Amino acid sequence: MEIVTSRLILRSARPDDLEAMHAVLSDPRATRWWSTPPHETLEQTRAWMDDMIANGPDHPDFVIELNGRVIGKAGFYVMPDIGYILHPDAWGQGLAAEAAAAAVDHVFGVHDVETLTADVDPENAASIRLLERLGFVGTGSGERTWNVGGEWKDSLYYALSRSDRAAKRTGQAPA
């Protein structure tokens with residue numbers, strides 16, 4: 001499976017993506033709001049990659065390539081929850097938004113799902129802005145929802161309906 005955007009290729013993970021994804025998942029800046037602490041070993045990343053690969057090529061969870069280099073991942077490891085992470089070298093260029101939008105549009109295009117969801121740390125302002133640009137709306141919050149490396153994190157919950165995404169793409173108000 002491969003999705004091509006103006007700057008990116010989103011594709012199924014392969015074993016040879018291991019070192020590039022380890023560079024992302026072992027970086028404390030990248031994993032600041034991730035669901036696990038930074039990976040300490042290549043073996044941790046290998047297990048994570050093996051799970052991603054085991055989901056199969058039709059599963060909408062993708063590695064992100066920029067100019068032939070893997071810079072992160074975006075998609076739906078568990079439907080209907082979107083997740084994305086980029087290496088900090090790729091931050092600030094709109095690449096996460098481009099990748100997430102492509103993944104969202106792909107899922108609405110090929111899967112029978114009416115609503116997508118997201119769980120974001122309230123301190124992760126960049127991710128909140130990204131979700132809202134895509135048309136996600138806040139649906140609630142929770143305290144102490146994730147324990148990451150012994151530290152409790154809170155959650156803001158977001159949702160995006162198929163009709164709201166279609167309206168966002170055409171520039172119309174949602175029905």
# chains A, B, ... in the order shown; residues from 1 in each chain; ligands from 1
call {"tool": "select_by_dssp", "arguments": {"residues": "range 34-69 of chain A", "states": "strand (DSSP E or B)", "output": "VMD selection string"}}
result
chain A and resid 61 to 66 69
call {"tool": "write_last_selection", "arguments": {"atoms": "all heavy atoms", "output": "PDB file, in the first residue's frame"}}
result
ATOM      1  N   ASP A  61      -1.773   2.016   8.511  1.00  0.00           N
ATOM      2  CA  ASP A  61      -0.749   2.577   9.385  1.00  0.00           C
ATOM      3  C   ASP A  61       0.529   2.617   8.557  1.00  0.00           C
ATOM      4  O   ASP A  61       0.998   1.570   8.101  1.00  0.00           O
ATOM      5  CB  ASP A  61      -0.581   1.707  10.629  1.00  0.00           C
ATOM      6  CG  ASP A  61       0.088   2.431  11.771  1.00  0.00           C
ATOM      7  OD1 ASP A  61       0.097   3.670  11.778  1.00  0.00           O
ATOM      8  OD2 ASP A  61       0.603   1.744  12.674  1.00  0.00           O
ATOM      9  N   PHE A  62       1.087   3.796   8.354  1.00  0.00           N
ATOM     10  CA  PHE A  62       2.116   3.986   7.343  1.00  0.00           C
ATOM     11  C   PHE A  62       3.392   4.597   7.895  1.00  0.00           C
ATOM     12  O   PHE A  62       3.335   5.453   8.782  1.00  0.00           O
ATOM     13  CB  PHE A  62       1.595   4.939   6.249  1.00  0.00           C
ATOM     14  CG  PHE A  62       0.265   4.552   5.687  1.00  0.00           C
ATOM     15  CD1 PHE A  62      -0.893   5.189   6.116  1.00  0.00           C
ATOM     16  CD2 PHE A  62       0.164   3.559   4.738  1.00  0.00           C
ATOM     17  CE1 PHE A  62      -2.137   4.833   5.602  1.00  0.00           C
ATOM     18  CE2 PHE A  62      -1.071   3.199   4.217  1.00  0.00           C
ATOM     19  CZ  PHE A  62      -2.227   3.831   4.644  1.00  0.00           C
ATOM     20  N   VAL A  63       4.527   4.201   7.325  1.00  0.00           N
ATOM     21  CA  VAL A  63       5.739   4.977   7.534  1.00  0.00           C
ATOM     22  C   VAL A  63       5.680   6.131   6.542  1.00  0.00           C
ATOM     23  O   VAL A  63       5.025   6.052   5.501  1.00  0.00           O
ATOM     24  CB  VAL A  63       7.036   4.154   7.367  1.00  0.00           C
ATOM     25  CG1 VAL A  63       7.139   3.062   8.418  1.00  0.00           C
ATOM     26  CG2 VAL A  63       7.170   3.582   5.982  1.00  0.00           C
ATOM     27  N   ILE A  64       6.350   7.221   6.906  1.00  0.00           N
ATOM     28  CA  ILE A  64       6.360   8.426   6.082  1.00  0.00           C
ATOM     29  C   ILE A  64       7.747   8.610   5.505  1.00  0.00           C
ATOM     30  O   ILE A  64       8.731   8.640   6.250  1.00  0.00           O
ATOM     31  CB  ILE A  64       6.013   9.673   6.920  1.00  0.00           C
ATOM     32  CG1 ILE A  64       4.682   9.504   7.645  1.00  0.00           C
ATOM     33  CG2 ILE A  64       6.009  10.922   6.046  1.00  0.00           C
ATOM     34  CD1 ILE A  64       4.468  10.529   8.748  1.00  0.00           C
ATOM     35  N   GLU A  65       7.821   8.731   4.184  1.00  0.00           N
ATOM     36  CA  GLU A  65       9.092   8.994   3.500  1.00  0.00           C
ATOM     37  C   GLU A  65       9.091  10.416   2.961  1.00  0.00           C
ATOM     38  O   GLU A  65       8.104  10.870   2.376  1.00  0.00           O
ATOM     39  CB  GLU A  65       9.270   8.064   2.294  1.00  0.00           C
ATOM     40  CG  GLU A  65       9.805   6.721   2.599  1.00  0.00           C
ATOM     41  CD  GLU A  65      10.147   5.955   1.314  1.00  0.00           C
ATOM     42  OE1 GLU A  65      10.337   6.571   0.237  1.00  0.00           O
ATOM     43  OE2 GLU A  65      10.192   4.727   1.402  1.00  0.00           O
ATOM     44  N   LEU A  66      10.213  11.087   3.135  1.00  0.00           N
ATOM     45  CA  LEU A  66      10.457  12.395   2.546  1.00  0.00           C
ATOM     46  C   LEU A  66      11.767  12.290   1.787  1.00  0.00           C
ATOM     47  O   LEU A  66      12.799  11.967   2.382  1.00  0.00           O
ATOM     48  CB  LEU A  66      10.558  13.476   3.625  1.00  0.00           C
ATOM     49  CG  LEU A  66      10.969  14.871   3.154  1.00  0.00           C
ATOM     50  CD1 LEU A  66       9.895  15.473   2.252  1.00  0.00           C
ATOM     51  CD2 LEU A  66      11.256  15.774   4.354  1.00  0.00           C
ATOM     52  N   ARG A  69      13.724   9.142   2.462  1.00  0.00           N
ATOM     53  CA  ARG A  69      14.163   8.861   3.832  1.00  0.00           C
ATOM     54  C   ARG A  69      12.943   8.756   4.740  1.00  0.00           C
ATOM     55  O   ARG A  69      12.060   9.617   4.711  1.00  0.00           O
ATOM     56  CB  ARG A  69      15.075   9.992   4.312  1.00  0.00           C
ATOM     57  CG  ARG A  69      15.663   9.793   5.682  1.00  0.00           C
ATOM     58  CD  ARG A  69      16.672  10.886   6.010  1.00  0.00           C
ATOM     59  NE  ARG A  69      16.051  12.174   6.229  1.00  0.00           N
ATOM     60  CZ  ARG A  69      15.719  12.650   7.428  1.00  0.00           C
ATOM     61  NH1 ARG A  69      15.961  11.949   8.508  1.00  0.00           N
ATOM     62  NH2 ARG A  69      15.165  13.844   7.544  1.00  0.00           N
TER      63      ARG A  69
END
call {"tool": "residues_around", "arguments": {"residues": "Ser141 in chain A", "least_positions_apart": "2", "cutoff": "9 Å", "atoms": "only C-alpha atoms", "output": "PDB file with N, CA and C atoms, in the first residue's frame"}}
result
ATOM      1  N   ASP A 119      -6.552  10.897  20.641  1.00  0.00           N
ATOM      2  CA  ASP A 119      -6.291  11.099  22.065  1.00  0.00           C
ATOM      3  C   ASP A 119      -4.984  11.871  22.125  1.00  0.00           C
ATOM      4  N   PRO A 122      -2.964  17.280  26.624  1.00  0.00           N
ATOM      5  CA  PRO A 122      -3.366  18.693  26.626  1.00  0.00           C
ATOM      6  C   PRO A 122      -2.201  19.670  26.446  1.00  0.00           C
ATOM      7  N   GLY A 138     -13.127  18.688  19.630  1.00  0.00           N
ATOM      8  CA  GLY A 138     -12.994  18.140  20.976  1.00  0.00           C
ATOM      9  C   GLY A 138     -14.283  17.489  21.436  1.00  0.00           C
ATOM     10  N   THR A 139     -14.142  16.330  22.093  1.00  0.00           N
ATOM     11  CA  THR A 139     -15.316  15.599  22.588  1.00  0.00           C
ATOM     12  C   THR A 139     -15.256  15.351  24.082  1.00  0.00           C
ATOM     13  N   GLU A 143      -8.366  12.591  33.007  1.00  0.00           N
ATOM     14  CA  GLU A 143      -7.171  12.807  33.822  1.00  0.00           C
ATOM     15  C   GLU A 143      -6.494  11.478  34.094  1.00  0.00           C
ATOM     16  N   ASP A 154      -2.550  13.269  31.034  1.00  0.00           N
ATOM     17  CA  ASP A 154      -3.977  13.488  30.819  1.00  0.00           C
ATOM     18  C   ASP A 154      -4.274  13.375  29.319  1.00  0.00           C
ATOM     19  N   SER A 155      -5.543  13.378  28.980  1.00  0.00           N
ATOM     20  CA  SER A 155      -5.960  13.258  27.579  1.00  0.00           C
ATOM     21  C   SER A 155      -7.032  14.268  27.225  1.00  0.00           C
ATOM     22  N   LEU A 156      -6.952  14.773  25.997  1.00  0.00           N
ATOM     23  CA  LEU A 156      -8.065  15.448  25.350  1.00  0.00           C
ATOM     24  C   LEU A 156      -8.508  14.515  24.232  1.00  0.00           C
ATOM     25  N   TYR A 157      -9.814  14.338  24.087  1.00  0.00           N
ATOM     26  CA  TYR A 157     -10.340  13.442  23.073  1.00  0.00           C
ATOM     27  C   TYR A 157     -10.939  14.261  21.941  1.00  0.00           C
ATOM     28  N   TYR A 158     -10.689  13.801  20.731  1.00  0.00           N
ATOM     29  CA  TYR A 158     -11.168  14.468  19.522  1.00  0.00           C
ATOM     30  C   TYR A 158     -11.839  13.449  18.620  1.00  0.00           C
TER      31      TYR A 158
END
call {"tool": "closest_residue", "arguments": {"among": "A:Glu114, A:Ala103, A:Val148, A:Val24", "to": "Asp89 in chain A", "atoms": "only C-alpha atoms"}}
result
A:Val24
call {"tool": "closest_residue", "arguments": {"among": "A:Glu132, A:Met21, A:Thr5, A:Asp105", "to": "Ala47 in chain A", "atoms": "only C-alpha atoms"}}
result
A:Met21
call {"tool": "residues_around", "arguments": {"residues": "Pro15 in chain A", "least_positions_apart": "4", "cutoff": "9 Å", "atoms": "only C-alpha atoms", "output": "JSON, numbers by chain"}}
result
{"A": [46, 49, 50, 53]}
call {"tool": "closest_residue", "arguments": {"among": "A:Ala99, A:Asn124, A:Pro57, A:Gly109", "to": "Arg29 in chain A", "atoms": "only C-alpha atoms"}}
result
A:Asn124
call {"tool": "atom_distance", "arguments": {"atom1": "CA of Ile85 in chain A", "atom2": "CA of Lys73 in chain A"}}
result
5.5 Å
call {"tool": "select_by_dssp", "arguments": {"residues": "range 55-163 of chain A", "states": "helix (DSSP H, G or I)", "output": "ChimeraX atom specification"}}
result
/A:88-90,95-110,125-134,162-163
call {"tool": "write_last_selection", "arguments": {"atoms": "N, CA, C and O atoms", "output": "compact mmCIF listing (two decimals), in the first residue's frame"}}
result
# COMPACT_ATOMS: atom_id res chain seq x y z
N PRO A 88 12.23 15.00 14.94
CA PRO A 88 12.26 16.46 15.12
C PRO A 88 12.89 17.23 13.95
O PRO A 88 12.54 18.39 13.73
N ASP A 89 13.79 16.61 13.21
CA ASP A 89 14.38 17.28 12.04
C ASP A 89 13.32 17.64 11.00
O ASP A 89 13.56 18.49 10.15
N ALA A 90 12.16 16.97 11.06
CA ALA A 90 11.11 17.18 10.07
C ALA A 90 9.98 18.07 10.61
O ALA A 90 8.99 18.29 9.92
N LEU A 95 4.63 18.73 7.53
CA LEU A 95 4.68 17.34 7.05
C LEU A 95 3.74 16.42 7.83
O LEU A 95 3.12 15.53 7.25
N ALA A 96 3.62 16.63 9.14
CA ALA A 96 2.70 15.80 9.94
C ALA A 96 1.27 16.03 9.47
O ALA A 96 0.51 15.07 9.34
N ALA A 97 0.91 17.28 9.22
CA ALA A 97 -0.45 17.57 8.74
C ALA A 97 -0.69 16.95 7.37
O ALA A 97 -1.76 16.39 7.12
N GLU A 98 0.29 17.03 6.50
CA GLU A 98 0.16 16.44 5.16
C GLU A 98 -0.02 14.93 5.25
O GLU A 98 -0.89 14.35 4.58
N ALA A 99 0.77 14.29 6.09
CA ALA A 99 0.69 12.83 6.24
C ALA A 99 -0.62 12.42 6.91
O ALA A 99 -1.29 11.48 6.46
N ALA A 100 -0.99 13.12 7.99
CA ALA A 100 -2.23 12.77 8.70
C ALA A 100 -3.45 12.98 7.80
O ALA A 100 -4.36 12.15 7.79
N ALA A 101 -3.47 14.06 7.04
CA ALA A 101 -4.59 14.31 6.13
C ALA A 101 -4.70 13.19 5.10
O ALA A 101 -5.80 12.72 4.80
N ALA A 102 -3.57 12.76 4.57
CA ALA A 102 -3.59 11.67 3.57
C ALA A 102 -4.09 10.37 4.20
O ALA A 102 -4.87 9.64 3.58
N ALA A 103 -3.66 10.09 5.43
CA ALA A 103 -4.12 8.87 6.10
C ALA A 103 -5.62 8.93 6.39
O ALA A 103 -6.34 7.95 6.18
N VAL A 104 -6.10 10.08 6.86
CA VAL A 104 -7.53 10.26 7.14
C VAL A 104 -8.34 10.08 5.86
O VAL A 104 -9.33 9.34 5.83
N ASP A 105 -7.94 10.75 4.80
CA ASP A 105 -8.69 10.65 3.54
C ASP A 105 -8.67 9.23 2.99
O ASP A 105 -9.67 8.75 2.45
N HIS A 106 -7.54 8.54 3.15
CA HIS A 106 -7.45 7.14 2.72
C HIS A 106 -8.46 6.29 3.49
O HIS A 106 -9.21 5.51 2.89
N VAL A 107 -8.48 6.43 4.81
CA VAL A 107 -9.39 5.60 5.62
C VAL A 107 -10.84 5.88 5.26
O VAL A 107 -11.63 4.95 5.07
N PHE A 108 -11.21 7.14 5.14
CA PHE A 108 -12.59 7.45 4.75
C PHE A 108 -12.89 6.97 3.34
O PHE A 108 -14.04 6.63 3.02
N GLY A 109 -11.88 6.90 2.49
CA GLY A 109 -12.08 6.45 1.12
C GLY A 109 -12.25 4.95 0.95
O GLY A 109 -12.94 4.51 0.03
N VAL A 110 -11.64 4.17 1.83
CA VAL A 110 -11.65 2.71 1.61
C VAL A 110 -12.22 1.89 2.77
O VAL A 110 -12.42 0.69 2.61
N ALA A 125 0.38 21.28 22.11
CA ALA A 125 -0.32 22.32 21.34
C ALA A 125 -0.22 22.09 19.83
O ALA A 125 -1.18 22.33 19.10
N ALA A 126 0.94 21.64 19.36
CA ALA A 126 1.11 21.44 17.91
C ALA A 126 0.17 20.35 17.39
O ALA A 126 -0.44 20.49 16.33
N SER A 127 0.02 19.28 18.15
CA SER A 127 -0.86 18.20 17.72
C SER A 127 -2.33 18.63 17.79
O SER A 127 -3.13 18.28 16.91
N ILE A 128 -2.67 19.40 18.79
CA ILE A 128 -4.04 19.91 18.89
C ILE A 128 -4.35 20.79 17.68
O ILE A 128 -5.41 20.65 17.05
N ARG A 129 -3.43 21.67 17.32
CA ARG A 129 -3.63 22.53 16.13
C ARG A 129 -3.78 21.68 14.87
O ARG A 129 -4.62 21.95 14.03
N LEU A 130 -2.95 20.67 14.74
CA LEU A 130 -3.01 19.79 13.56
C LEU A 130 -4.38 19.13 13.48
O LEU A 130 -5.03 19.15 12.42
N LEU A 131 -4.84 18.54 14.56
CA LEU A 131 -6.14 17.87 14.55
C LEU A 131 -7.25 18.84 14.19
O LEU A 131 -8.13 18.52 13.38
N GLU A 132 -7.23 20.03 14.77
CA GLU A 132 -8.28 21.00 14.49
C GLU A 132 -8.23 21.47 13.04
O GLU A 132 -9.28 21.68 12.43
N ARG A 133 -7.03 21.60 12.46
CA ARG A 133 -6.93 21.97 11.04
C ARG A 133 -7.55 20.90 10.16
O ARG A 133 -8.09 21.20 9.09
N LEU A 134 -7.45 19.64 10.58
CA LEU A 134 -8.04 18.55 9.81
C LEU A 134 -9.56 18.47 9.98
O LEU A 134 -10.22 17.75 9.24
N ARG A 162 -17.07 11.54 9.02
CA ARG A 162 -16.90 11.49 7.56
C ARG A 162 -17.48 12.75 6.92
O ARG A 162 -16.85 13.38 6.07
N SER A 163 -18.67 13.17 7.36
CA SER A 163 -19.31 14.34 6.74
C SER A 163 -18.56 15.63 7.08
O SER A 163 -18.43 16.50 6.23
call {"tool": "residues_around", "arguments": {"residues": "Ala159 in chain A", "least_positions_apart": "4", "cutoff": "6 Å", "atoms": "only C-alpha atoms", "output": "count of residues only"}}
result
4
call {"tool": "atom_distance", "arguments": {"atom1": "CA of Phe76 in chain A", "atom2": "CA of Asp17 in chain A"}}
result
17.9 Å
call {"tool": "atom_distance", "arguments": {"atom1": "CA of Met52 in chain A", "atom2": "CA of Val113 in chain A"}}
result
20.7 Å
call {"tool": "closest_residue", "arguments": {"among": "A:Pro28, A:Pro60, A:Gly94, A:Gly68", "to": "Glu2 in chain A", "atoms": "only C-alpha atoms"}}
result
A:Pro60
